[in-house]
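Some notes on the structure that comes next.
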Amino acid sequence: MAVILDMLVQFCQMTVVLLLAPLLTGYVRKMKAQLLGRRGPPLLQPYRDLLRLLRKEVVLAHSASWLFRVAPYLVFAATWVAAALVPTFATGLIFSYAADMIAIVALLGSARFMLALAGLDVGTSFGGIGSSREMMIASLAEPAMLLVVFTVALLAGSTQLSSIAAFMQGPGVGLRVSLALALVALVMVAIAENARIPVDNPATHLELTMVHEAMILEYSGRHLAVIELASFVKLLLYVSVIACVFLPWGVAVSGQGFAAYLTGFAAYLVKLAAGGFLLAVFETAIAKMRVFRVSDFLGAALMLGLLATLLLFVSRVT
Amino acid sequence: MALEGLLWCVAVLLGAGVAGLALTRRRGAMVLVYGASLGATLVALVIAVASLLAPASLGASLILPVGLPWLGAHFRLDALTAFFLVVMNLGGAAASLFALGYGRHEETPGRVLPFYPAFLAGMNLVLIAADAFTFLFAWEFMSLSSWALVMAHHRRPGNAAAGYLYLLMASFGTLALILAFGLLAGASGGYAFDAIRQAPPSAGIAAVVLVLALIGAGSKAGLVPLHVWLPLAHPAAPSHVSALMSGVMTKVAVYGFVRIVFDLLGPPAWWWGALVPLIGGVTAVMGVLYALMEHDLKRLLAYHTVENIGIIFIGLGLALAFEANEMSGAAALALTAALLHVFNHSVFKSLLFFGAGAVLNSTGERDMERLGGLIHRMPRTALAFLIGSAAISALPPFNGFVSEWLTFQAILLSPALPQWLLKFLVPAVGAMLALSAALAAACFVKAFGITFLGRPRTQVAREAAETDRWSLTAMFALAALCLLAGILPGYFIDALAPVIHALTLANLPRQEQLDWLTIVPIAQSRSSYNGLLLFFFIVLSAGVAAEVIHRFASAAVRRSDAWDCGFPDPSPATQYTAGSFSQPIRRVFGSVVFRAGEEVHLPPPGDVRPARLEVRLHDVPWDVLYAPTARLVGFAAERLNRLQFLTIRGYLTLVFGALVALLMVLTVWQ
């Protein structure tokens with residue numbers, strides 16, 4: 001019986017991340033527009049965009065290979081599996097032992113690898129520029145992320161997200177300098193990985209500094225829809241990871257009953273909304289930076305991550 | 001019994017070498033030599049796997065009455081030897097299979113066929129040798145036969161210089177190893193490993209031996225700054241030999257290090273655990289940065305070998321650190337990570353070199369800037385190379401990720417170490433490992449993307465054809481192994497258990513009894529990874545997504561010109577190149593590591609000459625270490641050259657003077 005319930009929770013989780021992801025993106029867009037004094041697109045616009053793309057035919061370049069057509073599904077699958085293993089409204093997911101936090105980072109790496117290859121496949125200058133810059137950004141963002149994982153894992157004595165969430169809710173945490181630094185580093189990485197301002201601009205197609213949009217420039221129709229959905233899921237995943245590690249309050253624990261799950265879900269929605277709102281505020285308040293300043297930005301994240309790990313040994317809990 | 005079988009395999013390999021020498025003009029020589037090598041390595045592989053899985057059979061030893069008269073040649077088959085025999089003979093068998101097809105295109109078979117089986121025999125002998133003399137003899141045999149293979153195409157520009165540098169570095173490394181064994185044997189001169197084990201050296205001598213082993217084995221394995229010969233010599237050989245040198249011979253060097261430091265040297269001191277991971281971390285990052293700057297496909301792969309050797313030494317060094325503090329469980333984990341990476345790297349590096357060889361065969365090009373679009377012409381090679389690229393970039397669900405994940409888990413145990421230096425150093429090494437993994441992914445997007453994707457940049461790339469069946473079989477066998485070791489790592493970890501137990505006296509939990517074949521290095525609540533489930537979920541969700549979309553969405557596809565923001569250019573020269581791909585990373589890291597400089601030469605207005613962009617990279621270890629040494633040696637040689645032109649009177653005086661001086665020394669000494 002318990003196994004069936006756990007399976008059900010896992011299945012809910014997979015569906016929830018998929019269904020909520022476009023909504024989160026729509027919410028961020030709406031908030032940004034309103035902060036800029038515009039009315040903005042409706043909240044459900046991302047869903048409509050996806051449906052519209054699904055109905056359109058695919059236009060493939062003559063030089064596109066099989067990899068170009070397979071890549072979107074693999075990117076989507078890797079991102080979705082990663083997102084399904086992050087505790088959102090409940091911990092103790094039945095399959096969460098399949099991948100710890102390091103494996104989740106690496107799964108996102110797999111998705112990025114395929115996408116960067118797809119950017120090079122048609123053989124255009126824009127695709128290449130996108131892939132090349134994406135990999136440069138990732139080469140700094142991924143180690144920074146891993147150092148954040150180190151910090152948290154050394155504290156919690158585990159790299160499993162469920163155990164970390166449980167530890168963070170417990171009394172043994174306290175206020176720590178390391179955690180603050182790790183949070184800042186994680187937020188910086190999340191901004192870079194999701195191609196948000198100031199690293200990249202999700203709203204433009206014709207700017208020389210574009211990264212993510214340049215990689216997927218040749219995609220159209222259903223392929224583009226799948227890739228867009230994957231990037232929505234990725235944004236949701238990062239907000240969920242931040243929420244799960246640093247704000248684990250309200251998350252239901254396996255076997256607590258239906259009410260706890262409902263509370264957990266409500267808490268999760270509130271966290272998502274807060275995260276989306278803060279992202280919108282941050283994006284409106286800051287200017288896009290030159291692409292070669294990105295390395296300073298992410299280098300700072302990397303150093304913060306390392307500092308957070310090292311400070312664990314010398315700081316005292318207050 | 002098993003040991004005799006292995007020695008017979010070595011004999012068959014040596015015989016194949018002689019046959020290759022005798023029959024070099026005959027047509028069937030190639031099939032005979034590679035067929036015999038394949039057979040012998042397969043038999044050796046089966047023996048090694050069988051003895052690793054049935055640990056009771058290990059420990060057999062044998063003394064042959066050859067070599068030094070009072071010593072004989074000792075051979076022994078223990079768990080460590082058996083594991084490295086598996087790695088070595090697997091690579092050897094795959095390379096022989098590949099060569100059955102690839103070798104047909106060899107222009108000078110007479111320069112390859114005799115030495116190839118000899119090289120394999122030499123590596124096998126190093127692994128089973130159980131005394132210092134046999135070990136060093138086999139080591140030199142391996143170096144010289146591989147040197148002959150590097151020089152197979154000695155008329156090509158650069159190859160002779162590469163061979164010369166290799167010979168110098170190999171002799172330097174062997175010198176260090178001779179000194180190390182001399183110190184280990186001590187004044188009594190017990191050169192058999194058993195005798196050395198019974199009389200471990202004092203702490204001071206052990207430290208010197210450690211440094212000598214790092215130099216000796218490290219120069220063969222490619223530790224920075226002793227790596228300079230590797231990216232020159234490995235690519236110069238024919239591709240199946242490159243695969244052996246990069247994938248297997250570097251592992252034999254790792255074996256030498258493990259044998260000396262973990263087995264013969266007695267208990268480690270804690271600072272070894274600081275020195276070795278630091279060197280490993282620097283090697284990993286430097287190796288991958290060099291690789292990123294490279295656009296010769298085979299040389300790029302050789303630099304990646306440097307990177308992966310760094311990762312292996314990080315694991316080995318952590319094991320030393322834990323061992324010194326008597327945390328044998330953690331040491332077992334770190335050593336498992338390192339040895340699993342030894343296996344994994346030999347598999348995917350051989351695969352990648354085979355892919356590069358297939359491309360070289362089909363196009364005659366190693367320069368990525370002159371390739372492109374090969375996925376259309378060589379789809380199967382492309383798929384195999386893609387799997388190898390994903391595996392080496394440590395991406396789940398392939399095998400490279402498993403060993404790096406285990407290394408990270410070992411790093412996360414470092415806070416329990418009592419020494420403050422180690423507490424701070426190990427997370428920093430972890431950062432280097434993370435950096436090198438991320439950069440490796442960037443590098444393989446470049447290697448695969450520029451070579452196989454995009455549009456062909458030259459006529460040869462446009463006319464490339466798929467490679468032969470033998471080569472494809474070898475590549476796909478290794479690719480399957482990459483996936484298998486990635487999704488079922490538990491079995492591979494369990495197979496390592498006797499090795500780990502012999503070296504650290506501890507064991508990881510048995511993995512195969514765990515639910516769903518999950519791997520759990522320490523405890524379930526701490527960390528676990530299940531490649532099988534991840535693979536299953538990825539395939540399932542990709543399949544579901546594709547199925548749903550193809551059923552409910554538009555399935556229409558139209559072929560058209562590329563969109564490229566409305567400005568498509570038909571010339572393939574407008575694509576991204578390897579140089580432009582790595583430019584952002586060069587800007588970020590290069591100015592520090594390579595002292596890279598860019599100069600733009602713009603002609604004055606009205607001049608029709610093209611503008612030029614010049615990039616200068618400095619190889620810092622070369623500039624700091626090697627160039628001054630070479631200058632010094634050259635200077636001394638110039639001065640000493642005069643000795644060759646003395647009169648007979650002068651020589652007699654010199655000999656007399658030397659005699660008197662030596663006698664004086666002797667008198668003072670006593």
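Naming works like this for the structure tokens: A, B, ... for the chains as they're shown, residue 1 at the start of each chain, ligands 1 onward in shown order.
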
Exercise for the section: Can you pull out every residue within 12 Å of Thr81 of chain B, counting only C-alpha atoms, but drop anything in the same chain fewer than 2 positions away, and send it as a count of residues only? Expected result: 46

Hey, which bits of chain B sit within 6 Å of chain A, and for each residue what's the closest pair of atoms and how far apart in Å (one decimal), counting only C-alpha atoms, rows by chain and increasing number, as JSON lines?
```
{"residue": "B:Leu395", "atom": "CA", "partner": "A:Ser110", "partner_atom": "CA", "distance": 5.4}
{"residue": "B:Ala434", "atom": "CA", "partner": "A:Pro143", "partner_atom": "CA", "distance": 4.8}
{"residue": "B:Leu435", "atom": "CA", "partner": "A:Pro143", "partner_atom": "CA", "distance": 5.2}
{"residue": "B:Ala438", "atom": "CA", "partner": "A:Ser139", "partner_atom": "CA", "distance": 4.7}
{"residue": "B:Leu439", "atom": "CA", "partner": "A:Ser139", "partner_atom": "CA", "distance": 5.2}
{"residue": "B:Ala442", "atom": "CA", "partner": "A:Met135", "partner_atom": "CA", "distance": 5.2}
{"residue": "B:Val445", "atom": "CA", "partner": "A:Leu117", "partner_atom": "CA", "distance": 6.0}
{"residue": "B:Gly449", "atom": "CA", "partner": "A:Leu117", "partner_atom": "CA", "distance": 5.7}
{"residue": "B:Leu453", "atom": "CA", "partner": "A:Asp121", "partner_atom": "CA", "distance": 4.7}
{"residue": "B:Gly454", "atom": "CA", "partner": "A:Gly123", "partner_atom": "CA", "distance": 3.7}
{"residue": "B:Arg455", "atom": "CA", "partner": "A:Gly123", "partner_atom": "CA", "distance": 5.4}
{"residue": "B:Arg526", "atom": "CA", "partner": "A:Ser158", "partner_atom": "CA", "distance": 4.1}
{"residue": "B:Ser527", "atom": "CA", "partner": "A:Thr159", "partner_atom": "CA", "distance": 5.5}
{"residue": "B:Ser528", "atom": "CA", "partner": "A:Tyr97", "partner_atom": "CA", "distance": 5.6}
{"residue": "B:Tyr529", "atom": "CA", "partner": "A:Ala98", "partner_atom": "CA", "distance": 4.8}
{"residue": "B:Asn530", "atom": "CA", "partner": "A:Ala98", "partner_atom": "CA", "distance": 4.3}
{"residue": "B:Ile538", "atom": "CA", "partner": "A:Ala77", "partner_atom": "CA", "distance": 5.3}
{"residue": "B:Ser541", "atom": "CA", "partner": "A:Ala77", "partner_atom": "CA", "distance": 5.3}
{"residue": "B:Ala542", "atom": "CA", "partner": "A:Ala77", "partner_atom": "CA", "distance": 4.9}
{"residue": "B:Ala553", "atom": "CA", "partner": "A:Leu54", "partner_atom": "CA", "distance": 5.1}
{"residue": "B:Ser554", "atom": "CA", "partner": "A:Arg55", "partner_atom": "CA", "distance": 5.0}
{"residue": "B:Ala556", "atom": "CA", "partner": "A:Glu57", "partner_atom": "CA", "distance": 4.8}
{"residue": "B:Val557", "atom": "CA", "partner": "A:Val58", "partner_atom": "CA", "distance": 4.6}
{"residue": "B:Arg558", "atom": "CA", "partner": "A:Val59", "partner_atom": "CA", "distance": 4.8}
{"residue": "B:Arg559", "atom": "CA", "partner": "A:Leu60", "partner_atom": "CA", "distance": 4.8}
{"residue": "B:Ser560", "atom": "CA", "partner": "A:Ala61", "partner_atom": "CA", "distance": 5.0}
{"residue": "B:Asp561", "atom": "CA", "partner": "A:Ala61", "partner_atom": "CA", "distance": 5.0}
{"residue": "B:Ala562", "atom": "CA", "partner": "A:Ala61", "partner_atom": "CA", "distance": 4.5}
{"residue": "B:Gln575", "atom": "CA", "partner": "A:Ser125", "partner_atom": "CA", "distance": 4.8}
{"residue": "B:Tyr576", "atom": "CA", "partner": "A:Gly128", "partner_atom": "CA", "distance": 5.1}
{"residue": "B:Phe581", "atom": "CA", "partner": "A:Ser132", "partner_atom": "CA", "distance": 5.0}
{"residue": "B:Ile585", "atom": "CA", "partner": "A:Met136", "partner_atom": "CA", "distance": 5.6}
```

Exercise for the section: From a DSSP pass on the backbone, collect the residues of segment 96-219 of chain A flagged as helix (DSSP H, G or I) and hand them back as a count of residues only. Expected result: 86

Practice task
One decimal, Å: what's the distance from atom CA of Val314 of chain A over to atom CA of Trp420 of chain B, could you say?
Solution key: 10.4 Å

Exercise for the section: Would you mind listing what lies within 8 Å of segment 236-249 of chain B as a VMD selection string, with only C-alpha atoms counted and same-chain residues fewer than 4 positions away left out? Expected result: chain B and resid 87 to 88 91 to 92 95 to 96 98 to 99 102 116 123 146 149 to 153 159 162 220 to 221 232 253 302 305 345 to 347 349 to 354 356 to 357

Exercise for the section: For Gly275 of chain A, work out the shell of residues within 12 Å, counting only C-alpha atoms and skipping chain neighbours fewer than 3 positions away, then give it as a list in words. Expected result: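 Within the cut-off, the hits are Leu24, Thr25, Tyr27, Val28, Met31, Val187, Ala190, Ile191, Leu235, Leu236, Leu237, Tyr238, Val239, Ser240, Val241, Ile242, Ala243, Leu247, Tyr268, Leu269, Val270, Lys271, Leu272, Leu278, Leu279, Ala280, Val281 and Phe282 of chain A.
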
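Atom CA of Arg104 of chain B lies 19.9 Å from atom CA of Leu13 of chain B.
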
Problem - Selection: 8 Å around Ala394 of chain B, only C-alpha atoms, excl. self and same-chain fewer than 3 positions, as a PyMOL selection string - result: (chain A and resi 106) or (chain B and resi 390-391+398-402+404+437+441)

Create the file for the chosen residues now, containing C-alpha atoms and written as a short mmCIF file (atom, residue, chain, number, x, y, z; two decimals), in the first residue's frame.
```
data_model
loop_
_atom_site.label_atom_id
_atom_site.label_comp_id
_atom_site.auth_asym_id
_atom_site.auth_seq_id
_atom_site.Cartn_x
_atom_site.Cartn_y
_atom_site.Cartn_z
CA ALA A 106 25.20 16.02 -14.37
CA ALA B 390 29.46 11.62 -23.76
CA ALA B 391 31.26 9.02 -21.64
CA PHE B 398 27.56 6.56 -19.24
CA ASN B 399 30.50 5.11 -17.36
CA GLY B 400 32.71 8.20 -17.03
CA PHE B 401 30.16 9.75 -14.73
CA VAL B 402 30.15 6.82 -12.30
CA GLU B 404 33.82 10.80 -11.21
CA ALA B 437 34.68 17.84 -15.96
CA ALA B 441 32.17 18.60 -21.91
#
```

Handout entry: Exercise: Ala284 of chain B partners within 6 Å, only C-alpha atoms, chain neighbours under 4 positions left out, as a PyMOL selection string
Key = chain B and resi 307+310-311

Fill in the blank from the handout: Residue with the minimum atom-to-atom distance to Ala84 of chain A, picked from A:Val9, A:Ala2, A:Met210, A:Ala259 with only C-alpha atoms counted, is A:Val9

Fill in the blank from the handout: Restricting to only C-alpha atoms, whichever of A:Gln45, A:Leu229, A:Leu50, A:Pro198 is closest to Ala285 of chain A is A:Pro198

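The space between atom CA of Leu230 of chain B and atom CA of Phe133 of chain B spans 25.8 Å.
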
Problem - segment 317-319 of chain B environment, 8 Å, only C-alpha atoms, sequence neighbours closer than 6 positions dropped, as an NGL selection string - result: :B and (272-277 or 280 or 330-335 or 410-411)

May I have the residues from that selection written out with C-alpha atoms, as a PDB file, in the first residue's frame?
```pdb
ATOM      1  CA  TRP B 272      51.610  12.200   0.417  1.00  0.00           C
ATOM      2  CA  GLY B 273      47.869  12.612   0.426  1.00  0.00           C
ATOM      3  CA  ALA B 274      48.335  16.343  -0.097  1.00  0.00           C
ATOM      4  CA  LEU B 275      51.005  16.147  -2.784  1.00  0.00           C
ATOM      5  CA  VAL B 276      49.437  13.534  -5.056  1.00  0.00           C
ATOM      6  CA  PRO B 277      45.880  14.991  -5.290  1.00  0.00           C
ATOM      7  CA  GLY B 280      46.392  15.283 -10.015  1.00  0.00           C
ATOM      8  CA  ALA B 330      37.185   5.936   2.888  1.00  0.00           C
ATOM      9  CA  ALA B 331      40.474   4.810   1.370  1.00  0.00           C
ATOM     10  CA  ALA B 332      38.650   1.867  -0.193  1.00  0.00           C
ATOM     11  CA  LEU B 333      36.116   4.251  -1.732  1.00  0.00           C
ATOM     12  CA  ALA B 334      38.771   6.586  -3.161  1.00  0.00           C
ATOM     13  CA  LEU B 335      40.784   3.700  -4.543  1.00  0.00           C
ATOM     14  CA  ALA B 410      35.377  10.347  -1.618  1.00  0.00           C
ATOM     15  CA  ILE B 411      36.135  14.076  -1.595  1.00  0.00           C
TER      16      ILE B 411
END
```
